[in-house]
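See below for data.txt, which holds compact mmCIF, C-alpha atoms.
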```
# COMPACT_ATOMS: atom_id res chain seq x y z
CA MET A 1 33.50 -65.05 -6.74
CA GLN A 2 31.44 -62.52 -8.69
CA PRO A 3 32.49 -61.69 -12.26
CA ARG A 4 34.88 -58.82 -12.73
CA LEU A 5 33.24 -55.57 -13.78
CA SER A 6 34.88 -55.90 -17.18
CA PRO A 7 37.03 -58.48 -18.98
CA VAL A 8 40.09 -56.26 -18.51
CA PRO A 9 42.33 -56.50 -16.59
CA ALA A 10 42.72 -60.27 -16.43
CA PHE A 11 44.69 -62.09 -13.77
CA ARG A 12 47.65 -62.35 -16.14
CA ASP A 13 47.89 -58.55 -15.97
CA LEU A 14 48.88 -58.91 -12.31
CA ALA A 15 52.27 -60.48 -12.95
CA HIS A 16 53.95 -57.12 -12.34
CA ILE A 17 52.48 -56.72 -8.84
CA ASP A 18 55.09 -56.84 -6.08
CA ALA A 19 53.17 -55.05 -3.29
CA TRP A 20 49.89 -56.55 -2.10
CA ILE A 21 48.02 -54.16 0.20
CA PHE A 22 45.01 -55.15 2.30
CA ASP A 23 42.57 -53.21 4.42
CA LEU A 24 41.82 -54.83 7.79
CA ASP A 25 38.24 -54.55 9.04
CA ASN A 26 35.59 -56.34 6.98
CA THR A 27 38.29 -57.24 4.46
CA LEU A 28 40.50 -59.84 6.14
CA TYR A 29 37.47 -61.22 7.96
CA PRO A 30 33.79 -61.42 6.87
CA ALA A 31 31.59 -58.40 7.45
CA HIS A 32 29.04 -60.66 9.15
CA SER A 33 31.51 -61.49 11.94
CA SER A 34 29.90 -58.88 14.23
CA LEU A 35 33.22 -57.32 15.19
CA PHE A 36 32.86 -53.92 13.57
CA PRO A 37 29.34 -53.41 15.00
CA GLN A 38 30.96 -53.65 18.44
CA ILE A 39 33.39 -50.88 17.48
CA ASP A 40 30.59 -48.81 16.00
CA ALA A 41 28.56 -49.13 19.20
CA ARG A 42 31.54 -48.13 21.37
CA MET A 43 32.11 -45.07 19.20
CA GLY A 44 28.51 -44.07 19.82
CA LEU A 45 28.91 -44.48 23.59
CA TYR A 46 32.15 -42.48 23.53
CA ILE A 47 30.45 -39.60 21.73
CA GLN A 48 27.48 -39.74 24.11
CA ARG A 49 29.80 -39.33 27.10
CA LEU A 50 32.02 -36.76 25.42
CA LEU A 51 29.25 -34.45 24.23
CA ASN A 52 26.48 -35.37 26.68
CA VAL A 53 24.04 -36.27 23.92
CA ASP A 54 21.50 -39.03 23.46
CA PRO A 55 22.17 -42.14 21.35
CA GLN A 56 20.37 -40.79 18.29
CA GLU A 57 22.35 -37.55 18.26
CA ALA A 58 25.59 -39.41 18.90
CA HIS A 59 24.88 -41.64 15.90
CA ARG A 60 24.15 -38.62 13.71
CA ILE A 61 27.39 -36.92 14.76
CA GLN A 62 29.40 -40.10 14.31
CA LYS A 63 28.20 -40.67 10.74
CA GLN A 64 28.53 -36.99 9.84
CA LEU A 65 32.16 -37.00 10.95
CA PHE A 66 32.79 -40.27 9.11
CA HIS A 67 31.64 -38.77 5.83
CA SER A 68 33.22 -35.34 6.32
CA HIS A 69 36.62 -36.47 7.67
CA GLY A 70 37.03 -40.00 6.28
CA MET A 71 36.61 -41.48 9.76
CA THR A 72 35.15 -40.38 13.07
CA LEU A 73 38.42 -39.84 14.96
CA PRO A 74 39.93 -36.93 12.95
CA GLY A 75 36.63 -35.07 13.23
CA LEU A 76 36.57 -35.51 17.01
CA MET A 77 40.19 -34.42 17.22
CA ALA A 78 39.61 -31.31 15.10
CA LEU A 79 36.33 -30.22 16.67
CA HIS A 80 36.61 -31.46 20.26
CA GLY A 81 40.31 -32.00 21.00
CA VAL A 82 39.94 -35.74 21.57
CA ASP A 83 43.11 -37.67 22.44
CA PRO A 84 43.47 -40.28 19.67
CA HIS A 85 45.14 -42.85 21.91
CA ASP A 86 42.33 -42.64 24.47
CA PHE A 87 39.66 -42.84 21.78
CA LEU A 88 41.20 -45.82 19.99
CA ALA A 89 41.92 -47.76 23.17
CA ASN A 90 38.31 -47.26 24.17
CA VAL A 91 36.55 -48.12 20.94
CA HIS A 92 38.81 -51.09 20.21
CA ASP A 93 38.15 -52.71 23.59
CA VAL A 94 36.02 -55.37 21.90
CA ASP A 95 35.61 -59.13 21.94
CA ILE A 96 37.65 -60.46 19.02
CA ASP A 97 36.70 -64.04 19.84
CA VAL A 98 33.76 -63.52 17.48
CA LEU A 99 36.30 -63.91 14.65
CA ARG A 100 36.96 -67.36 13.25
CA PRO A 101 40.63 -68.16 12.53
CA HIS A 102 41.36 -68.39 8.81
CA PRO A 103 44.84 -69.90 8.41
CA GLU A 104 44.05 -70.87 4.81
CA LEU A 105 43.79 -67.18 3.94
CA GLY A 106 47.13 -66.59 5.61
CA ASP A 107 48.72 -69.29 3.47
CA LEU A 108 47.29 -67.76 0.30
CA ILE A 109 48.55 -64.29 1.19
CA SER A 110 51.98 -65.68 2.07
CA ARG A 111 52.25 -67.29 -1.37
CA LEU A 112 51.71 -64.02 -3.23
CA PRO A 113 54.96 -62.89 -4.88
CA GLY A 114 56.36 -59.79 -3.26
CA ARG A 115 55.63 -57.90 -0.06
CA LYS A 116 52.34 -57.87 1.79
CA PHE A 117 50.94 -54.99 3.85
CA VAL A 118 48.02 -54.10 6.09
CA PHE A 119 46.80 -50.53 5.44
CA THR A 120 44.22 -49.57 8.06
CA ASN A 121 42.47 -46.61 9.61
CA ALA A 122 42.58 -48.55 12.89
CA ASP A 123 45.62 -48.62 15.16
CA ALA A 124 48.38 -51.22 15.31
CA PRO A 125 47.58 -52.73 18.75
CA TYR A 126 44.04 -53.55 17.67
CA ALA A 127 45.12 -54.71 14.21
CA GLU A 128 47.74 -57.01 15.71
CA ARG A 129 45.10 -58.61 17.94
CA VAL A 130 42.85 -59.19 14.95
CA LEU A 131 45.63 -60.66 12.81
CA ALA A 132 46.69 -62.97 15.63
CA ARG A 133 43.13 -64.18 16.13
CA LEU A 134 42.74 -64.84 12.40
CA GLY A 135 46.09 -66.61 12.18
CA LEU A 136 47.40 -64.10 9.63
CA THR A 137 50.25 -62.42 11.50
CA HIS A 138 52.94 -64.34 9.64
CA ALA A 139 51.51 -63.40 6.24
CA PHE A 140 52.38 -59.70 6.36
CA ASP A 141 55.64 -57.82 6.07
CA ALA A 142 54.46 -54.53 7.56
CA MET A 143 51.47 -52.50 8.73
CA HIS A 144 50.55 -48.86 8.17
CA ASP A 145 48.05 -47.68 10.77
CA ILE A 146 46.26 -44.43 11.65
CA HIS A 147 49.11 -43.25 13.90
CA ALA A 148 51.60 -43.73 11.05
CA LEU A 149 49.22 -41.73 8.85
CA ASP A 150 49.32 -38.85 11.34
CA TYR A 151 45.51 -39.16 11.55
CA VAL A 152 44.94 -38.36 7.88
CA PRO A 153 42.87 -41.44 6.98
CA LYS A 154 41.78 -43.21 3.85
CA PRO A 155 40.24 -42.06 1.52
CA GLN A 156 42.22 -38.81 1.69
CA MET A 157 44.92 -38.86 -0.97
CA PRO A 158 47.84 -37.99 1.38
CA ALA A 159 47.23 -41.28 3.21
CA TYR A 160 48.08 -43.29 0.09
CA ALA A 161 51.15 -41.21 -0.74
CA HIS A 162 52.34 -41.57 2.85
CA MET A 163 51.85 -45.33 2.79
CA CYS A 164 53.79 -45.70 -0.46
CA ALA A 165 56.62 -43.40 0.63
CA ALA A 166 57.02 -45.09 4.02
CA HIS A 167 57.42 -48.55 2.49
CA ALA A 168 59.04 -47.68 -0.86
CA ILE A 169 56.02 -48.94 -2.79
CA ASN A 170 55.64 -48.17 -6.47
CA PRO A 171 51.85 -47.76 -6.74
CA ARG A 172 51.90 -48.96 -10.36
CA ARG A 173 53.23 -52.29 -9.05
CA ALA A 174 50.72 -52.55 -6.21
CA MET A 175 47.27 -54.00 -5.65
CA PHE A 176 44.92 -52.70 -2.95
CA VAL A 177 42.05 -54.78 -1.52
CA GLU A 178 39.25 -52.97 0.36
CA ASP A 179 35.64 -53.43 1.44
CA MET A 180 34.95 -49.69 1.06
CA ALA A 181 34.63 -48.82 -2.61
CA ARG A 182 35.28 -45.14 -2.00
CA ASN A 183 38.67 -45.95 -0.45
CA LEU A 184 39.76 -47.48 -3.74
CA ALA A 185 39.34 -44.34 -5.84
CA PRO A 186 42.58 -42.64 -4.66
CA ALA A 187 44.45 -45.94 -5.01
CA LYS A 188 43.34 -46.25 -8.63
CA ALA A 189 44.21 -42.61 -9.27
CA ILE A 190 47.87 -43.21 -8.38
CA GLY A 191 48.09 -46.38 -10.46
CA MET A 192 47.21 -49.26 -8.15
CA ALA A 193 45.16 -52.25 -9.23
CA THR A 194 42.02 -52.28 -7.10
CA VAL A 195 39.84 -55.01 -5.61
CA TRP A 196 36.49 -54.27 -3.96
CA ILE A 197 35.10 -56.86 -1.57
CA ASP A 198 31.41 -56.20 -2.10
CA ASN A 199 30.15 -57.63 1.19
CA GLY A 200 27.55 -55.10 2.23
CA SER A 201 29.81 -53.09 4.54
CA GLU A 202 30.18 -50.17 2.09
CA GLN A 203 28.44 -47.00 3.19
CA GLY A 204 27.15 -45.21 0.12
CA PRO A 205 29.26 -46.66 -2.74
CA GLY A 206 27.41 -44.63 -5.37
CA SER A 207 26.95 -45.68 -8.96
CA HIS A 208 30.36 -44.72 -10.38
CA LEU A 209 32.71 -47.65 -9.90
CA ASP A 210 35.14 -47.09 -12.75
CA HIS A 211 37.98 -47.09 -10.24
CA ILE A 212 37.42 -50.77 -9.41
CA ASP A 213 39.24 -53.46 -11.38
CA TYR A 214 37.88 -56.52 -9.58
CA ARG A 215 34.62 -56.86 -7.67
CA ILE A 216 34.54 -59.94 -5.43
CA ASN A 217 32.77 -61.33 -2.40
CA ASP A 218 35.26 -63.96 -1.22
CA LEU A 219 38.87 -62.95 -0.71
CA ALA A 220 40.31 -66.45 -0.32
CA GLU A 221 38.62 -67.65 -3.51
CA PHE A 222 39.88 -64.61 -5.40
CA LEU A 223 43.48 -65.02 -4.20
CA ALA A 224 43.43 -68.73 -5.01
CA SER A 225 42.41 -67.86 -8.57
CA VAL A 226 45.11 -65.21 -8.84
CA LEU A 227 47.77 -67.61 -7.59
CA THR A 228 46.67 -70.34 -9.99
CA GLU A 229 47.00 -67.93 -12.92
CA LEU A 230 50.36 -66.56 -11.77
CA GLU A 231 51.78 -70.02 -11.08
CA GLN A 232 50.72 -71.22 -14.53
CA GLN A 233 52.66 -68.33 -16.06
CA ALA A 234 55.79 -69.04 -14.03
```

Turn the structure described in the file into structure tokens.
Amino acid sequence: MQPRLSPVPAFRDLAHIDAWIFDLDNTLYPAHSSLFPQIDARMGLYIQRLLNVDPQEAHRIQKQLFHSHGMTLPGLMALHGVDPHDFLANVHDVDIDVLRPHPELGDLISRLPGRKFVFTNADAPYAERVLARLGLTHAFDAMHDIHALDYVPKPQMPAYAHMCAAHAINPRRAMFVEDMARNLAPAKAIGMATVWIDNGSEQGPGSHLDHIDYRINDLAEFLASVLTELEQQA
């Protein structure tokens, strides 16, 4: 585990947390698992077919929409009338067997005091497949996916307010774990503790990371440390 960006907050400052929120892709499994590249490639193929463009132009459009709309799907919906269910079913038709089960992580998450959530810009059918493959299904109380968000994705602020309202979460008693540093800024703004998994999957994190409380590279190791501190206080 890498050192925290600053000595404050310490793990003992997490005793008030009763909602533990986790991103899905490249957060609950390693970024090197080669799952998200499959999704990325299928997005490119979808855009090629939809707009009759070559791979290079499809890639340019895909990344432009990602940065302008928070994710590719809302941009395609707004500009080209894409059916979100068709798009998601297509791009999530991937081989999840590349993921290695991680039941130890599930046990760590289950031991956290309070409720546990998955907060994802993906859709529930795909997320459920991933959680089942990882052996993490039992660890979570609920999921908030892109359909529940009405296609307003992270990092747009309404997504976080919607998540909290839907599950009666007090953001000042919540922690959010993400691999995308930019998705943590709105969480910090509404009072959440924030954890950035710095695993190389971030696209343009920038130099201003004041919204990050903990910067880690191994989620299981981090949670084990948190649990040790919390259990010593109990």

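Atom to atom, CA of Ala220 (chain A) and CA of Leu28 (chain A) stand 9.2 Å apart.
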
Check your understanding: Using only C-alpha atoms, which of A:Ile61, A:Ile96, A:Ala174, A:Ala159 sits nearest Ile21 (chain A)?
Key ->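 Closest candidate: A:Ala174.
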
Check your understanding: A:Leu45, A:Ala142, A:Leu65, A:Ile39: which is nearest Ala78 (chain A), counting only C-alpha atoms?
Key ->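 The closest residue to Ala78 (chain A) is A:Leu65.
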
Practice item. For region 111-125 of chain A, list every protein, DNA or RNA residue within 8 Å, evaluated using all atoms listed in the file, and leave out those in the same chain fewer than 4 positions away; present the list as a PyMOL selection string. Key: chain A and resi 17-25+71+88+107+129+139-147+153-154+163+227

Check your understanding: Which is closest to Arg100 (chain A) among A:His208, A:His32, A:Arg173, A:His59, if we use only C-alpha atoms?
Key ->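 Of A:His208, A:His32, A:Arg173, A:His59, the one nearest Arg100 (chain A), counting only C-alpha atoms, is A:His32.
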
For region 121-126 of chain A, what centre and edge lengths in Å (one decimal) does the axis-aligned box get once 5 Å is added on each side of all its listed atoms, as AutoDock Vina command-line options?
```
--center_x 45.4 --center_y -50.1 --center_z 14.2 --size_x 15.9 --size_y 16.9 --size_z 19.1
```

Got a sec: who's within 10 Å of Pro74 (chain A), counting all atoms listed in the file, leaving out chain neighbours fewer than 3 positions off, as a CSV table (one decimal) with C-alpha atoms, in the coordinates of the input?
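Saved as around_12.csv:
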```
chain,number,residue,atom,x,y,z
A,65,LEU,CA,32.2,-37.0,11.0
A,66,PHE,CA,32.8,-40.3,9.1
A,68,SER,CA,33.2,-35.3,6.3
A,69,HIS,CA,36.6,-36.5,7.7
A,70,GLY,CA,37.0,-40.0,6.3
A,71,MET,CA,36.6,-41.5,9.8
A,77,MET,CA,40.2,-34.4,17.2
A,78,ALA,CA,39.6,-31.3,15.1
A,79,LEU,CA,36.3,-30.2,16.7
A,80,HIS,CA,36.6,-31.5,20.3
A,81,GLY,CA,40.3,-32.0,21.0
A,82,VAL,CA,39.9,-35.7,21.6
A,84,PRO,CA,43.5,-40.3,19.7
A,146,ILE,CA,46.3,-44.4,11.6
A,150,ASP,CA,49.3,-38.8,11.3
A,151,TYR,CA,45.5,-39.2,11.6
A,152,VAL,CA,44.9,-38.4,7.9
A,153,PRO,CA,42.9,-41.4,7.0
```

Point to revise | Option closest in space to His102 (chain A), from A:Tyr29, A:Arg49, A:Arg172, A:Asp213 [counting all atoms listed in the file] | key: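 Of A:Tyr29, A:Arg49, A:Arg172, A:Asp213, the one nearest His102 (chain A), counting all atoms listed in the file, is A:Tyr29.
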
Point to revise | Nearby residues (all atoms listed in the file) at most 10 Å from Pro103 (chain A), same-chain spacing under 5 positions excluded, as a list in words | key: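 Using all atoms listed in the file, the neighbours found are Leu108, Ile109, Arg133, Leu134, Gly135, Leu136, Thr137, His138 and Ala139 of chain A.
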
May I have the selected residues written with C-alpha atoms, as a CSV table (one decimal), in the frame of the given file?
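Everything below was put into again_23.csv:
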```
chain,number,residue,atom,x,y,z
A,108,LEU,CA,47.3,-67.8,0.3
A,109,ILE,CA,48.6,-64.3,1.2
A,133,ARG,CA,43.1,-64.2,16.1
A,134,LEU,CA,42.7,-64.8,12.4
A,135,GLY,CA,46.1,-66.6,12.2
A,136,LEU,CA,47.4,-64.1,9.6
A,137,THR,CA,50.2,-62.4,11.5
A,138,HIS,CA,52.9,-64.3,9.6
A,139,ALA,CA,51.5,-63.4,6.2
```
